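Below: query10.pdb (PDB, C-alpha atoms)
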```pdb
ATOM      1  CA  MET A   1      52.372  -4.294 -15.206
ATOM      2  CA  ILE A   2      55.010  -6.903 -15.982
ATOM      3  CA  TYR A   3      57.305  -8.332 -13.294
ATOM      4  CA  GLY A   4      60.921  -8.631 -14.510
ATOM      5  CA  PRO A   5      63.309  -6.750 -16.791
ATOM      6  CA  ASP A   6      62.325  -8.573 -19.984
ATOM      7  CA  ALA A   7      58.607  -9.167 -20.385
ATOM      8  CA  SER A   8      58.998 -11.717 -23.138
ATOM      9  CA  LYS A   9      61.414 -13.937 -21.237
ATOM     10  CA  CYS A  10      60.534 -13.286 -17.615
ATOM     11  CA  PRO A  11      59.147 -16.435 -15.904
ATOM     12  CA  ILE A  12      56.910 -14.320 -13.634
ATOM     13  CA  LYS A  13      54.579 -11.663 -15.024
ATOM     14  CA  LYS A  14      52.655  -9.383 -12.694
ATOM     15  CA  GLN A  15      49.386  -7.562 -13.349
ATOM     16  CA  VAL A  16      48.053  -5.209 -10.672
ATOM     17  CA  LEU A  17      44.279  -5.581 -10.335
ATOM     18  CA  ASN A  18      43.828  -3.250  -7.374
ATOM     19  CA  ALA A  19      46.640  -0.998  -6.180
ATOM     20  CA  GLY A  20      47.411  -0.808  -2.495
ATOM     21  CA  LYS A  21      47.429   2.588  -0.800
ATOM     22  CA  GLU A  22      50.242   2.234   1.739
ATOM     23  CA  PRO A  23      54.011   2.303   1.079
ATOM     24  CA  LEU A  24      55.703  -0.964   0.198
ATOM     25  CA  PRO A  25      56.346  -2.837   3.485
ATOM     26  CA  GLU A  26      59.837  -3.793   4.545
ATOM     27  CA  PHE A  27      60.005  -7.527   3.935
ATOM     28  CA  VAL A  28      62.779  -8.982   6.104
ATOM     29  CA  ASP A  29      63.291 -12.516   7.375
ATOM     30  CA  GLU A  30      60.861 -13.518  10.172
ATOM     31  CA  THR A  31      58.151 -11.252   8.713
ATOM     32  CA  LYS A  32      54.743 -12.946   8.758
ATOM     33  CA  ILE A  33      52.544 -12.336   5.707
ATOM     34  CA  PHE A  34      48.781 -12.944   5.611
ATOM     35  CA  PHE A  35      47.185 -13.205   2.177
ATOM     36  CA  HIS A  36      44.421 -14.778   0.131
ATOM     37  CA  PHE A  37      45.295 -16.589  -3.049
ATOM     38  CA  LEU A  38      43.415 -17.843  -6.071
ATOM     39  CA  THR A  39      45.110 -20.397  -8.322
ATOM     40  CA  THR A  40      43.865 -20.779 -11.886
ATOM     41  CA  THR A  41      45.051 -22.344 -15.105
ATOM     42  CA  GLN A  42      45.580 -20.063 -18.068
ATOM     43  CA  ASP A  43      42.110 -20.950 -19.394
ATOM     44  CA  GLY A  44      40.586 -19.696 -16.134
ATOM     45  CA  THR A  45      39.913 -23.044 -14.418
ATOM     46  CA  VAL A  46      39.993 -22.551 -10.658
ATOM     47  CA  ILE A  47      42.264 -24.935  -8.766
ATOM     48  CA  ASP A  48      42.423 -23.386  -5.294
ATOM     49  CA  ASP A  49      40.813 -20.403  -3.597
ATOM     50  CA  THR A  50      41.398 -19.599   0.080
ATOM     51  CA  ARG A  51      38.377 -17.314   0.233
ATOM     52  CA  LYS A  52      36.081 -20.300   0.376
ATOM     53  CA  TYR A  53      37.675 -21.170   3.723
ATOM     54  CA  LYS A  54      37.204 -17.593   5.012
ATOM     55  CA  LYS A  55      40.723 -17.678   6.469
ATOM     56  CA  PRO A  56      43.826 -16.203   4.802
ATOM     57  CA  MET A  57      46.998 -18.142   4.163
ATOM     58  CA  GLU A  58      50.076 -17.149   6.151
ATOM     59  CA  ILE A  59      53.793 -17.698   5.702
ATOM     60  CA  THR A  60      56.862 -16.498   7.585
ATOM     61  CA  LEU A  61      59.685 -15.227   5.400
ATOM     62  CA  GLY A  62      63.115 -16.797   5.614
ATOM     63  CA  HIS A  63      61.976 -20.366   6.303
ATOM     64  CA  GLN A  64      62.246 -21.827   2.805
ATOM     65  CA  PHE A  65      58.596 -21.999   1.847
ATOM     66  CA  LYS A  66      58.435 -24.708  -0.791
ATOM     67  CA  ILE A  67      57.010 -22.489  -3.538
ATOM     68  CA  GLU A  68      59.869 -20.009  -3.566
ATOM     69  CA  CYS A  69      58.353 -17.784  -6.237
ATOM     70  CA  TRP A  70      55.425 -16.975  -3.933
ATOM     71  CA  GLU A  71      57.736 -15.093  -1.578
ATOM     72  CA  THR A  72      59.226 -13.299  -4.581
ATOM     73  CA  CYS A  73      55.766 -12.237  -5.723
ATOM     74  CA  LEU A  74      54.438 -11.209  -2.324
ATOM     75  CA  LYS A  75      57.472  -9.024  -1.629
ATOM     76  CA  THR A  76      56.434  -6.771  -4.531
ATOM     77  CA  MET A  77      53.004  -6.025  -3.029
ATOM     78  CA  ARG A  78      51.534  -3.288  -0.850
ATOM     79  CA  LEU A  79      48.900  -3.788   1.837
ATOM     80  CA  GLY A  80      45.459  -4.105   0.259
ATOM     81  CA  GLU A  81      46.912  -4.738  -3.177
ATOM     82  CA  ILE A  82      45.442  -7.422  -5.414
ATOM     83  CA  ALA A  83      47.696  -8.689  -8.191
ATOM     84  CA  LYS A  84      47.818 -11.597 -10.597
ATOM     85  CA  PHE A  85      51.126 -13.353 -11.243
ATOM     86  CA  SER A  86      51.484 -15.609 -14.261
ATOM     87  CA  VAL A  87      54.226 -18.106 -13.427
ATOM     88  CA  ASP A  88      56.155 -20.431 -15.708
ATOM     89  CA  LYS A  89      55.683 -24.148 -15.056
ATOM     90  CA  ASP A  90      59.393 -24.634 -14.318
ATOM     91  CA  LEU A  91      59.048 -22.568 -11.131
ATOM     92  CA  ILE A  92      56.016 -24.361  -9.707
ATOM     93  CA  GLY A  93      56.675 -28.061 -10.109
ATOM     94  CA  VAL A  94      56.072 -28.555  -6.377
ATOM     95  CA  TYR A  95      52.706 -26.777  -6.425
ATOM     96  CA  PRO A  96      50.503 -29.915  -6.517
ATOM     97  CA  ALA A  97      52.202 -31.412  -3.439
ATOM     98  CA  VAL A  98      52.110 -28.139  -1.511
ATOM     99  CA  ALA A  99      48.498 -27.502  -2.551
ATOM    100  CA  LYS A 100      47.524 -30.876  -1.131
ATOM    101  CA  GLN A 101      49.056 -29.898   2.199
ATOM    102  CA  ILE A 102      47.335 -26.513   2.140
ATOM    103  CA  ARG A 103      43.984 -28.200   1.521
ATOM    104  CA  ASP A 104      44.616 -30.645   4.367
ATOM    105  CA  TYR A 105      45.568 -27.725   6.616
ATOM    106  CA  TYR A 106      42.327 -25.884   5.917
ATOM    107  CA  LYS A 107      40.307 -29.077   6.225
ATOM    108  CA  ASN A 108      41.718 -29.664   9.687
ATOM    109  CA  GLN A 109      41.130 -26.038  10.660
ATOM    110  CA  MET A 110      37.460 -26.524   9.780
ATOM    111  CA  LYS A 111      37.362 -29.740  11.814
ATOM    112  CA  GLU A 112      38.775 -27.920  14.837
ATOM    113  CA  HIS A 113      36.180 -25.209  14.423
ATOM    114  CA  LYS A 114      33.465 -27.867  14.547
ATOM    115  CA  HIS A 115      35.171 -29.585  17.527
ATOM    116  CA  ASP A 116      35.755 -32.697  15.459
ATOM    117  CA  GLU A 117      37.574 -35.222  17.635
ATOM    118  CA  GLU A 118      39.175 -37.020  14.705
ATOM    119  CA  HIS A 119      41.829 -34.364  14.235
ATOM    120  CA  GLU A 120      44.848 -35.122  12.113
ATOM    121  CA  ASN A 121      47.898 -32.903  12.561
ATOM    122  CA  HIS A 122      49.264 -31.588   9.254
ATOM    123  CA  HIS A 123      51.497 -28.687   8.518
ATOM    124  CA  CYS A 124      50.678 -26.855   5.317
ATOM    125  CA  CYS A 125      54.280 -26.839   4.140
ATOM    126  CA  GLY A 126      55.009 -30.559   4.567
ATOM    127  CA  PHE A 127      55.126 -33.358   2.035
ATOM    128  CA  MET A 128      53.328 -36.684   2.004
ATOM    129  CA  ALA A 129      54.285 -39.813   0.142
ATOM    130  CA  LEU A 130      53.264 -39.470  -3.481
ATOM    131  CA  GLU A 131      53.488 -43.062  -4.691
ATOM    132  CA  GLN A 132      49.720 -43.501  -4.882
ATOM    133  CA  GLY A 133      48.850 -39.966  -5.916
ATOM    134  CA  LEU A 134      47.748 -36.943  -3.952
ATOM    135  CA  GLY A 135      44.109 -37.879  -3.553
ATOM    136  CA  HIS A 136      42.893 -34.965  -5.715
ATOM    137  CA  GLU A 137      42.285 -35.507  -9.421
ATOM    138  CA  ASP A 138      43.168 -31.940 -10.420
ATOM    139  CA  LEU A 139      46.430 -32.020  -8.484
ATOM    140  CA  ASP A 140      47.326 -35.479  -9.791
ATOM    141  CA  ARG A 141      46.754 -34.185 -13.324
ATOM    142  CA  LEU A 142      49.005 -31.199 -12.666
ATOM    143  CA  MET A 143      51.646 -33.489 -11.243
ATOM    144  CA  ARG A 144      51.613 -35.613 -14.399
ATOM    145  CA  HIS A 145      51.256 -32.724 -16.833
ATOM    146  CA  PRO A 146      52.789 -29.493 -15.422
ATOM    147  CA  GLU A 147      51.576 -26.235 -16.901
ATOM    148  CA  PRO A 148      51.895 -22.477 -16.216
ATOM    149  CA  LEU A 149      49.571 -21.180 -13.521
ATOM    150  CA  ASP A 150      48.135 -17.820 -12.509
ATOM    151  CA  PHE A 151      48.217 -16.850  -8.836
ATOM    152  CA  THR A 152      46.034 -13.944  -7.743
ATOM    153  CA  PHE A 153      47.168 -12.651  -4.360
ATOM    154  CA  GLU A 154      45.530 -10.156  -2.006
ATOM    155  CA  LEU A 155      47.910  -8.920   0.679
ATOM    156  CA  ILE A 156      45.875  -8.709   3.908
ATOM    157  CA  LYS A 157      48.361  -8.072   6.708
ATOM    158  CA  VAL A 158      52.097  -7.877   7.374
ATOM    159  CA  LEU A 159      53.589  -8.443  10.839
ATOM    160  CA  HIS A 160      57.231  -7.645  11.385
ATOM    161  CA  PRO A 161      59.546  -9.515  13.804
ATOM    162  CA  GLY A 162      58.577  -8.749  17.393
ATOM    163  CA  GLU A 163      54.959  -7.922  16.497
ATOM    164  CA  PHE A 164      53.708 -11.490  16.913
ATOM    165  CA  GLU A 165      54.427 -14.654  18.850
ATOM    166  CA  LYS A 166      56.325 -17.076  16.658
ATOM    167  CA  ASP A 167      54.874 -20.463  15.810
ATOM    168  CA  THR A 168      56.746 -23.019  17.869
ATOM    169  CA  TYR A 169      58.238 -24.782  14.855
ATOM    170  CA  LEU A 170      59.977 -21.517  13.902
ATOM    171  CA  LEU A 171      61.738 -21.015  17.231
ATOM    172  CA  ASN A 172      65.487 -21.490  17.464
ATOM    173  CA  ASP A 173      67.168 -23.246  20.397
ATOM    174  CA  GLU A 174      67.789 -20.069  22.402
ATOM    175  CA  GLU A 175      64.175 -18.969  22.012
ATOM    176  CA  LYS A 176      62.947 -22.384  23.156
ATOM    177  CA  GLN A 177      65.181 -22.258  26.220
ATOM    178  CA  ARG A 178      63.901 -18.778  27.095
ATOM    179  CA  GLN A 179      60.270 -19.873  26.831
ATOM    180  CA  ILE A 180      60.549 -22.968  29.037
ATOM    181  CA  PRO A 181      60.430 -21.106  32.422
ATOM    182  CA  ASP A 182      57.460 -19.032  31.264
ATOM    183  CA  LEU A 183      55.597 -22.164  30.158
ATOM    184  CA  LYS A 184      56.318 -23.834  33.492
ATOM    185  CA  LEU A 185      55.041 -20.804  35.426
ATOM    186  CA  ALA A 186      51.904 -20.630  33.275
ATOM    187  CA  GLY A 187      51.332 -24.348  33.871
ATOM    188  CA  ASN A 188      51.740 -23.918  37.635
ATOM    189  CA  ASN A 189      49.239 -21.066  37.717
ATOM    190  CA  LEU A 190      46.698 -23.061  35.709
ATOM    191  CA  TYR A 191      47.174 -26.140  37.907
ATOM    192  CA  ASN A 192      46.643 -24.099  41.072
ATOM    193  CA  VAL A 193      43.185 -23.025  39.874
ATOM    194  CA  GLY A 194      42.192 -26.535  38.806
ATOM    195  CA  LYS A 195      42.665 -26.140  35.050
ATOM    196  CA  TYR A 196      44.555 -29.398  34.712
ATOM    197  CA  ASP A 197      44.069 -29.914  30.997
ATOM    198  CA  GLU A 198      45.367 -26.448  30.156
ATOM    199  CA  ALA A 199      48.230 -26.851  32.617
ATOM    200  CA  ALA A 200      49.204 -30.144  30.985
ATOM    201  CA  SER A 201      49.253 -28.375  27.626
ATOM    202  CA  LYS A 202      51.736 -25.773  28.916
ATOM    203  CA  TYR A 203      53.935 -28.406  30.535
ATOM    204  CA  GLY A 204      53.701 -30.514  27.390
ATOM    205  CA  GLN A 205      54.895 -27.657  25.202
ATOM    206  CA  ALA A 206      57.878 -27.069  27.476
ATOM    207  CA  LEU A 207      58.656 -30.787  27.430
ATOM    208  CA  GLN A 208      58.553 -30.764  23.639
ATOM    209  CA  PHE A 209      61.140 -27.988  23.665
ATOM    210  CA  PHE A 210      63.332 -30.117  25.940
ATOM    211  CA  GLU A 211      62.872 -33.041  23.566
ATOM    212  CA  ASP A 212      63.955 -30.898  20.615
ATOM    213  CA  LEU A 213      67.051 -29.713  22.492
ATOM    214  CA  MET A 214      67.980 -33.194  23.705
ATOM    215  CA  LEU A 215      67.748 -34.660  20.213
ATOM    216  CA  LYS A 216      70.716 -32.494  19.268
ATOM    217  CA  GLU A 217      72.876 -33.990  22.013
ATOM    218  CA  LYS A 218      74.383 -37.449  22.322
ATOM    219  CA  PRO A 219      72.398 -39.512  24.869
ATOM    220  CA  ASN A 220      74.047 -39.597  28.314
ATOM    221  CA  ASP A 221      76.652 -36.975  27.420
ATOM    222  CA  VAL A 222      77.072 -34.119  29.916
ATOM    223  CA  GLU A 223      74.834 -31.691  28.003
ATOM    224  CA  TRP A 224      72.136 -34.340  27.520
ATOM    225  CA  ARG A 225      72.138 -35.222  31.221
ATOM    226  CA  GLN A 226      71.877 -31.578  32.211
ATOM    227  CA  LEU A 227      68.809 -31.161  30.025
ATOM    228  CA  ASP A 228      67.359 -34.406  31.382
ATOM    229  CA  LEU A 229      67.722 -33.137  34.964
ATOM    230  CA  GLN A 230      66.174 -29.779  34.063
ATOM    231  CA  ARG A 231      63.097 -31.359  32.502
ATOM    232  CA  ARG A 232      62.298 -33.713  35.408
ATOM    233  CA  PRO A 233      60.305 -31.182  37.466
ATOM    234  CA  LEU A 234      58.208 -30.485  34.377
ATOM    235  CA  LEU A 235      57.678 -34.195  33.798
ATOM    236  CA  LEU A 236      56.560 -34.613  37.403
ATOM    237  CA  ASN A 237      54.098 -31.735  37.045
ATOM    238  CA  PHE A 238      52.836 -33.191  33.777
ATOM    239  CA  ILE A 239      52.369 -36.596  35.449
ATOM    240  CA  GLN A 240      50.392 -35.002  38.278
ATOM    241  CA  CYS A 241      48.084 -33.352  35.732
ATOM    242  CA  LYS A 242      47.544 -36.687  34.018
ATOM    243  CA  LEU A 243      46.643 -38.279  37.341
ATOM    244  CA  LYS A 244      44.089 -35.534  37.967
ATOM    245  CA  LEU A 245      42.669 -36.005  34.465
ATOM    246  CA  GLY A 246      42.405 -39.777  34.803
ATOM    247  CA  ASP A 247      44.930 -40.414  32.030
ATOM    248  CA  PHE A 248      46.712 -43.086  34.024
ATOM    249  CA  TYR A 249      48.656 -44.805  31.266
ATOM    250  CA  SER A 250      50.151 -41.513  30.153
ATOM    251  CA  ALA A 251      51.165 -40.890  33.771
ATOM    252  CA  ILE A 252      52.787 -44.332  33.908
ATOM    253  CA  GLU A 253      54.636 -43.752  30.640
ATOM    254  CA  HIS A 254      56.126 -40.414  31.690
ATOM    255  CA  ALA A 255      56.988 -41.566  35.196
ATOM    256  CA  THR A 256      58.825 -44.502  33.631
ATOM    257  CA  THR A 257      60.787 -42.033  31.494
ATOM    258  CA  ILE A 258      62.142 -40.468  34.691
ATOM    259  CA  LEU A 259      62.779 -43.805  36.386
ATOM    260  CA  ASP A 260      64.669 -45.134  33.371
ATOM    261  CA  SER A 261      67.181 -42.329  33.941
ATOM    262  CA  ASP A 262      67.015 -42.326  37.743
ATOM    263  CA  PRO A 263      65.365 -45.320  39.477
ATOM    264  CA  THR A 264      65.775 -43.571  42.842
ATOM    265  CA  ASP A 265      63.416 -40.667  42.041
ATOM    266  CA  ARG A 266      60.827 -40.971  44.818
ATOM    267  CA  LYS A 267      58.210 -38.653  43.388
ATOM    268  CA  ALA A 268      58.197 -40.414  40.030
ATOM    269  CA  ARG A 269      58.048 -43.821  41.763
ATOM    270  CA  TYR A 270      55.171 -42.762  44.016
ATOM    271  CA  ARG A 271      53.148 -41.182  41.233
ATOM    272  CA  ARG A 272      53.655 -44.210  39.017
ATOM    273  CA  ALA A 273      52.459 -46.429  41.870
ATOM    274  CA  ARG A 274      49.283 -44.355  42.186
ATOM    275  CA  ALA A 275      48.739 -44.481  38.427
ATOM    276  CA  HIS A 276      49.157 -48.274  38.464
ATOM    277  CA  VAL A 277      46.583 -48.527  41.269
ATOM    278  CA  SER A 278      44.081 -46.445  39.327
ATOM    279  CA  ALA A 279      44.707 -48.508  36.183
ATOM    280  CA  TRP A 280      44.409 -51.649  38.369
ATOM    281  CA  ASN A 281      47.888 -52.890  37.548
ATOM    282  CA  VAL A 282      48.077 -54.412  41.004
ATOM    283  CA  GLU A 283      51.427 -56.202  40.867
ATOM    284  CA  ALA A 284      53.169 -53.239  39.228
ATOM    285  CA  ALA A 285      51.742 -50.930  41.908
ATOM    286  CA  LYS A 286      52.893 -53.286  44.673
ATOM    287  CA  ASN A 287      56.394 -53.385  43.233
ATOM    288  CA  ASP A 288      56.638 -49.585  43.225
ATOM    289  CA  TYR A 289      55.246 -49.316  46.763
ATOM    290  CA  LYS A 290      57.643 -52.002  48.025
ATOM    291  CA  TYR A 291      60.577 -50.208  46.433
ATOM    292  CA  LEU A 292      59.562 -47.052  48.270
ATOM    293  CA  LEU A 293      59.210 -48.901  51.585
ATOM    294  CA  GLU A 294      62.778 -50.084  51.237
ATOM    295  CA  ASN A 295      64.180 -46.720  50.199
ATOM    296  CA  VAL A 296      62.301 -43.984  52.102
ATOM    297  CA  LYS A 297      63.059 -45.075  55.655
ATOM    298  CA  ASP A 298      64.585 -41.673  56.312
ATOM    299  CA  ASP A 299      61.236 -39.936  55.730
ATOM    300  CA  ASP A 300      58.625 -40.995  58.289
ATOM    301  CA  LYS A 301      55.828 -39.022  56.643
ATOM    302  CA  VAL A 302      56.294 -40.626  53.223
ATOM    303  CA  LEU A 303      56.875 -44.044  54.788
ATOM    304  CA  THR A 304      53.566 -43.848  56.677
ATOM    305  CA  LEU A 305      51.716 -42.726  53.532
ATOM    306  CA  VAL A 306      53.155 -45.540  51.425
ATOM    307  CA  GLN A 307      52.386 -48.168  54.070
ATOM    308  CA  TYR A 308      48.795 -46.948  54.281
ATOM    309  CA  GLU A 309      48.245 -46.927  50.514
ATOM    310  CA  LEU A 310      49.803 -50.378  50.103
ATOM    311  CA  GLN A 311      47.497 -51.737  52.824
ATOM    312  CA  GLN A 312      44.529 -50.139  51.070
ATOM    313  CA  LEU A 313      45.594 -51.760  47.805
ATOM    314  CA  VAL A 314      45.955 -55.199  49.379
ATOM    315  CA  GLN A 315      42.504 -54.823  50.973
ATOM    316  CA  ALA A 316      40.972 -53.686  47.667
ATOM    317  CA  GLU A 317      42.567 -56.666  45.915
ATOM    318  CA  HIS A 318      41.128 -59.027  48.518
ATOM    319  CA  ASN A 319      37.667 -57.470  48.243
ATOM    320  CA  LYS A 320      37.715 -57.774  44.469
ATOM    321  CA  TYR A 321      38.781 -61.405  44.715
ATOM    322  CA  GLN A 322      35.849 -62.131  47.032
ATOM    323  CA  GLU A 323      33.417 -60.300  44.736
ATOM    324  CA  ASP A 324      34.653 -62.181  41.679
ATOM    325  CA  LYS A 325      34.519 -65.486  43.559
ATOM    326  CA  SER A 326      30.953 -64.805  44.703
ATOM    327  CA  ARG A 327      29.875 -63.753  41.217
ATOM    328  CA  LEU A 328      31.393 -66.850  39.643
ATOM    329  CA  SER A 329      29.805 -69.096  42.259
ATOM    330  CA  GLY A 330      26.413 -67.539  41.576
ATOM    331  CA  LYS A 331      26.707 -68.211  37.865
ATOM    332  CA  MET A 332      27.660 -71.835  38.429
ATOM    333  CA  PHE A 333      24.556 -72.598  40.517
ATOM    334  CA  SER A 334      21.972 -70.346  38.837
TER
END
```
Final structure tokens representation of the file:
Amino acid sequence: MIYGPDASKCPIKKQVLNAGKEPLPEFVDETKIFFHFLTTTQDGTVIDDTRKYKKPMEITLGHQFKIECWETCLKTMRLGEIAKFSVDKDLIGVYPAVAKQIRDYYKNQMKEHKHDEEHENHHCCGFMALEQGLGHEDLDRLMRHPEPLDFTFELIKVLHPGEFEKDTYLLNDEEKQRQIPDLKLAGNNLYNVGKYDEAASKYGQALQFFEDLMLKEKPNDVEWRQLDLQRRPLLLNFIQCKLKLGDFYSAIEHATTILDSDPTDRKARYRRARAHVSAWNVEAAKNDYKYLLENVKDDDKVLTLVQYELQQLVQAEHNKYQEDKSRLSGKMFS
């Protein structure tokens, strides 16, 4: 089978190797396609094969996948179909760069599976700087000397819009805004049962959505300030999770984000003070506690708590000074 009206001139030629049994799916924008692919040169040399990773490739239509002809090819296929597409070199000049990203994507997926802590975050459709090559001899050779390639696809699964949860990078602004309350509620529920790490992840995702939305507004304009106010409760929850997890410098950083916009925020000031104490930033903690003492006189409960914690800090500082002094004295006369 040949793809195109003129077999001799068509830049994409299709050969069905195994016909699918179901009707041709309706391929509309936001459809997610799962497929395996095998890339070979015309002499049969294998360049890439997703089957060795035991995980199919996936793309979502309508988001300008860098190898445009792949979407064209996949839209001609039925579920279960296996077909080989011979593609002219002029249509696949970006293949080496995209293939590098696909390989990095699968490499990182394998690392995650093995719980490798040295995880690097790559997206399979991105580009890296190419000045010093791609780090793969076969891809570097293709970059220097483009040639026609054969792509053998097997269409595994097709999910239509509404049948799956979108990847976050595909969400539009309205969808992000709709998801923020759900993420906050999920984070609250996880926090209440002591799952602080998972709660922080939910809050963090919601905060990333706020960040995306705020980047589209001019800082300190009305819309930007409204978003900033809306995200503060999430930031406070995120900070509390970080305190529970012992990630004190992250807590300090995010509390400072709030205080940069509103120095009078008591919760942010108090939580930053506690984070400074735990990180043993004594003077910074004292400064935050003293600010609170001067500005929470209308709240006896908070005032009493701050006075107590400041006294505890001063006592701990004194005890540490005495311990260090004693240790140093011992070394001098040993």
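Rounded to one decimal, atom CA of Val98 of chain A and atom CA of Arg78 of chain A lie 24.9 Å from each other.
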Apply the PyMOL selection byres ((chain A and resi 273-277) around 7) to the file shown and report the selected residues as a compact mmCIF listing (two decimals) with C-alpha atoms, in the frame of the given file.
```
# COMPACT_ATOMS: atom_id res chain seq x y z
CA LEU A 243 46.64 -38.28 37.34
CA PHE A 248 46.71 -43.09 34.02
CA ALA A 251 51.16 -40.89 33.77
CA ILE A 252 52.79 -44.33 33.91
CA ARG A 269 58.05 -43.82 41.76
CA TYR A 270 55.17 -42.76 44.02
CA ARG A 271 53.15 -41.18 41.23
CA ARG A 272 53.66 -44.21 39.02
CA SER A 278 44.08 -46.44 39.33
CA ALA A 279 44.71 -48.51 36.18
CA TRP A 280 44.41 -51.65 38.37
CA ASN A 281 47.89 -52.89 37.55
CA VAL A 282 48.08 -54.41 41.00
CA ALA A 284 53.17 -53.24 39.23
CA ALA A 285 51.74 -50.93 41.91
CA ASP A 288 56.64 -49.58 43.22
CA TYR A 289 55.25 -49.32 46.76
```
Contacts of segment 301-308 of chain A within 9 Å, only C-alpha atoms, excl. fewer than 3 positions in-chain, as JSON, numbers by chain: {"A": [270, 289, 290, 292, 293, 296, 297, 298, 311, 312, 313]}
For the PyMOL selection byres ((chain A and resi 207) around 9), applied here, can you spell out every residue it catches as JSON, numbers by chain? {"A": [180, 202, 203, 204, 205, 206, 208, 209, 210, 211, 212, 231, 234, 235, 238]}
Quick one: which residues end up in the PyMOL selection byres ((chain A and resi 71) around 12) for this structure, as a PDB file with C-alpha atoms, keeping the file's coordinate frame?
```
ATOM      1  CA  PHE A  27      60.005  -7.527   3.935  1.00  0.00           C
ATOM      2  CA  VAL A  28      62.779  -8.982   6.104  1.00  0.00           C
ATOM      3  CA  ASP A  29      63.291 -12.516   7.375  1.00  0.00           C
ATOM      4  CA  THR A  31      58.151 -11.252   8.713  1.00  0.00           C
ATOM      5  CA  LYS A  32      54.743 -12.946   8.758  1.00  0.00           C
ATOM      6  CA  ILE A  33      52.544 -12.336   5.707  1.00  0.00           C
ATOM      7  CA  PHE A  34      48.781 -12.944   5.611  1.00  0.00           C
ATOM      8  CA  PHE A  35      47.185 -13.205   2.177  1.00  0.00           C
ATOM      9  CA  GLU A  58      50.076 -17.149   6.151  1.00  0.00           C
ATOM     10  CA  ILE A  59      53.793 -17.698   5.702  1.00  0.00           C
ATOM     11  CA  THR A  60      56.862 -16.498   7.585  1.00  0.00           C
ATOM     12  CA  LEU A  61      59.685 -15.227   5.400  1.00  0.00           C
ATOM     13  CA  GLY A  62      63.115 -16.797   5.614  1.00  0.00           C
ATOM     14  CA  HIS A  63      61.976 -20.366   6.303  1.00  0.00           C
ATOM     15  CA  GLN A  64      62.246 -21.827   2.805  1.00  0.00           C
ATOM     16  CA  PHE A  65      58.596 -21.999   1.847  1.00  0.00           C
ATOM     17  CA  LYS A  66      58.435 -24.708  -0.791  1.00  0.00           C
ATOM     18  CA  ILE A  67      57.010 -22.489  -3.538  1.00  0.00           C
ATOM     19  CA  GLU A  68      59.869 -20.009  -3.566  1.00  0.00           C
ATOM     20  CA  CYS A  69      58.353 -17.784  -6.237  1.00  0.00           C
ATOM     21  CA  TRP A  70      55.425 -16.975  -3.933  1.00  0.00           C
ATOM     22  CA  THR A  72      59.226 -13.299  -4.581  1.00  0.00           C
ATOM     23  CA  CYS A  73      55.766 -12.237  -5.723  1.00  0.00           C
ATOM     24  CA  LEU A  74      54.438 -11.209  -2.324  1.00  0.00           C
ATOM     25  CA  LYS A  75      57.472  -9.024  -1.629  1.00  0.00           C
ATOM     26  CA  THR A  76      56.434  -6.771  -4.531  1.00  0.00           C
ATOM     27  CA  MET A  77      53.004  -6.025  -3.029  1.00  0.00           C
ATOM     28  CA  PHE A  85      51.126 -13.353 -11.243  1.00  0.00           C
ATOM     29  CA  PHE A 153      47.168 -12.651  -4.360  1.00  0.00           C
ATOM     30  CA  LEU A 155      47.910  -8.920   0.679  1.00  0.00           C
TER      31      LEU A 155
END
```
Provide the atom CA of Gln42 of chain A to atom CA of Cys10 of chain A distance in Å, to one decimal place. 16.4 Å
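The residues that lie within 8 Å of the point (46.8, -15.0, -1.9), counting all atoms listed in the file, are A:Phe35, A:His36, A:Phe37, A:Leu38, A:Thr50, A:Pro56, A:Met57, A:Phe151, A:Thr152, A:Phe153, A:Glu154, A:Leu155.
Considering all atoms listed in the file, the residue among A:Glu223, A:Asp138, A:Glu323, A:Glu253 positioned nearest to Ala268 of chain A is A:Glu253.
Of the listed residues A:Asp48, A:Glu26, A:Asp150, A:Asp140, the one whose atoms come nearest to Ile12 of chain A is A:Asp150, with distances taken using all atoms listed in the file.
From atom CA of Pro233 of chain A back to atom CA of Ala255 of chain A, the distance works out to 11.1 Å.
Residue nearest Asp90 of chain A, chosen from A:Glu30, A:Glu175, A:Glu217, A:Glu147 and counting all atoms listed in the file: A:Glu147.
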